[in-house]
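**Student:** Pasting a structure below so you can have a look.
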Amino acid sequence: MSTPMITSISPSAGPLGGGTQVSIAGSGLSSATEPGDVLFGEEPAAAIVSVTDTLLTVTSPPAAAPGTVAISLVTPNGAVIWENAFDYQLSVTGISPASGPVTGGTTVTITGSGLLSVYGVQFGATTTSTMVVSNDTLLTVTTPPAAAPGSTDVTLTGLTGNALYIDLGGFSYVAAPATSPTPAPGGTTPTAGGTTPAPTPGGTTPAPGGTTPPPGGTTPPPGGTTPPPGGTTPAPGGTTPPPGGTTPAPGGTTPAPGGTSTSPQGGATTAPAGGTSAAGTTPQPGNYLPGGAMIVPGGQTGLGGSAGTGAGFGVGTLMAGGGGSAPPSNLQYYVDPALTAQLVQSLISIVQTATSPDAIEAQNMILRRMALEGDVVGSRIPPPRNVSEIGGYVNLLSSLNETTMREQALAGILGVAGPAQPLGWITNDQPLSMVAVTNDRPAVAAQPSFPLSVLVRSDFVAGVQNALKLLHSYGATLPLTSPSVIVLPPGGTGATIANPILFYLGRTLTIAPSAALTNPAADPVALLTPASSGGDYSLASHVLNPAEYPVEPADLLALQCTPTTCSVIQLSQVSYVPIAPIFAAAGFYSPAPLPVPGNSAQTSWTVLANTTGLVTGVTMLGDELSLLYRQDQIAASAFAAMLEWTWNGNTFAP
């Protein structure tokens, strides 16, 4: 059976929840018989649907987050990878209701898949302040107010504000229906402007039918002595509040429906926007969250009686409506999603495991807020008690090279304006990162020793992947190896540096030692020299199926090693592809001449180094380390005293 090859993949996108049937066309595909033989990124396929030598159909597995992944075939006959092959997309199947008033407050349900990755919903350019993600297939939001009627886009955003899904014109704002004045108690009608006739002298309330008791504070007839529903108490002077639960303002005036009240001077006073409750109201059980956020869908406050269609949420405050009439609300209240366990856990994960430049910057922003503003979580560092402790903190920031934070701390101590930071990303301390790239794992005896992925510095990834693709086009592979994470060697007494400095700078690739020297006739990699000349040895990749690839065979001498010794064997008419010219295009070179091992334990021949951009006598080690590591990591490492070492053409030296 031949090495698998891929010529096309369809479809190239599907939902986050998986379940898409993906057809892979090519040759040699019948060797993929198990779901683990087909990888979407690093996840095995959910199932093998059908397989022939030229067409393989599989079911896509679920993904943790939206984005594009590679599809790899790893079979006993060889491995092949198709980069950026499948795009996991967030899926939305419904937005209901599709319309609501311009005043906002409509509870909208969004269904689909992958919704756990949603951290915000925008209606047009406005992000809703209430969002509850119930599960991966359901979330609810409350629409914000709009400036005017019309359709608007609905955008679902991720943790960093990136758009995950956009439904163009997905929600329509409609004009709010006009409201009519509510008759005042006793059948009287509010005068123009919405005010209610003030009580007569003595503080009495007009009796039913509109008659007014004579001066002297007589008691209204039955029907006027008991406070209306809502739990309010007549204000001093004997006046009775109208239905709605509000208390007359000082002087005996009664707020009219719609939120206006008559001032002692006779003028109309408009209630504050959003409508706060008048003094004297008593909240009903279940209508508020003590000490927390009170979010009422639809703008109903649940205070009993008059409630509006205006602003329907507040923090720690019970609010009357902004106009109109509605029954009391006992709808469910929701907690600010910023306090949900899902988002809190995501923030903790960023702080603990950040590796990409954007995630590192988010980590820095959170840590700055914790250190300087204290409004994220309570500070775990005690406040300084004297000038000596203040100096200790300032010196610590200096040693960590946190210049801006030090300036801000000093400004706070002195009570003066500190340095203004731009909005958004404050800095980008680590412009580079180490990226996991899918590794070659040909079907040879040493295959279990080849890791599934290897780390490559982010600015070198494209060049390395292009070199590997060119090597694959000749039917050859190059198994590499690397640790799962690169950590700077710790400093302190007796500190040592176990690897070359270029390794810690992400400037090396390491060929898997087990890929060569065991059986040169079958190994993926060999150390060869032409049989005719017997010159210096060079690295070459074995063409696994020479009958399928136009690589000219040749007679070669190869090294074969044991743990104690190495010997030279002759290979007749074998097909190998030189590694050096292919990876030189990506900036990676072997030492010249290649160090010849004396046994299989000597591995200096495995290292390819990239010195692109290093200027002799100019480039300093500290600057190179700052591309990948935070200043506190560098300060705690064995490199702390070597930061001013410069590149001498071979290594960094004092």
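A note on labels: chains of the structure tokens are A, B, ... as shown, every chain counts residues from 1, and ligands are counted from 1 in their shown order.
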Within 8 Å of range 507-518 of chain A, counting only C-alpha atoms, which residues qualify if same-chain residues fewer than 6 places away don't, as a PyMOL selection string?
**Tutor:** chain A and resi 446+449-450+456-457+478-482+524-527+559-562+588+600+603+606-611
**Student:** Which residues, written as a list in words, have at least one atom at most 12 Å from Pro62 in chain A, with only C-alpha atoms counted and residues fewer than 4 positions away on the same chain left out?
**Tutor:** Gly14, Pro15, Leu16, Gly17, Gly18, Gly19, Thr20, Leu39, Phe40, Gly41, Glu42, Glu43, Pro44, Ala45, Ala46, Ala47, Pro66, Gly67, Val69, Asp87, Tyr88, Gln89, Leu90, Ser113, Gly114 and Asp136 of chain A
**Student:** Enter the distance from CA of Leu594 in chain A to CA of Val543 in chain A, in Å, rounded to one decimal.
**Tutor:**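 Going from CA of Leu594 in chain A over to CA of Val543 in chain A, I get 21.4 Å.
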**Student:** If you count only C-alpha atoms, which residues fall within 7 Å of Ser572 in chain A, apart from same-chain ones fewer than 6 positions away, as a PyMOL selection string?
**Tutor:** chain A and resi 554-556
**Student:** For Leu139 in chain A, list every protein, DNA or RNA residue within 7 Å, evaluated using only C-alpha atoms, and leave out those in the same chain fewer than 3 positions away; present the list as a VMD selection string.
**Tutor:** chain A and resid 109 to 111 132 to 134
**Student:** Using only C-alpha atoms, which of A:Pro553, A:Pro145, A:Gly150, A:Pro384 sits nearest Thr106 in chain A?
**Tutor:**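 Among the listed residues, A:Pro145 lies closest to Thr106 in chain A.
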**Student:** List the spatial neighbours of Thr564 in chain A as a ChimeraX atom specification - criterion: any atom at most 10 Å away, only C-alpha atoms, same-chain residues fewer than 4 positions off excluded.
**Tutor:** /A:598-602
**Student:** Find the residues near range 578-586 of chain A: any atom within 6 Å, counting only C-alpha atoms, skip ones fewer than 6 places away on the same chain, and give them as a PyMOL selection string.
**Tutor:** chain A and resi 463-464+467+539-540
**Student:** So what do you get for CA of Ala635 in chain A versus CA of Thr612 in chain A, distance-wise?
**Tutor:**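 Those two atoms sit 25.5 Å apart.
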**Student:** Using CA of Thr68 in chain A and CA of Ser453 in chain A as the two end points, give the distance in Å to one decimal.
**Tutor:**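 Interatomic distance, CA of Thr68 in chain A to CA of Ser453 in chain A: 16.7 Å.
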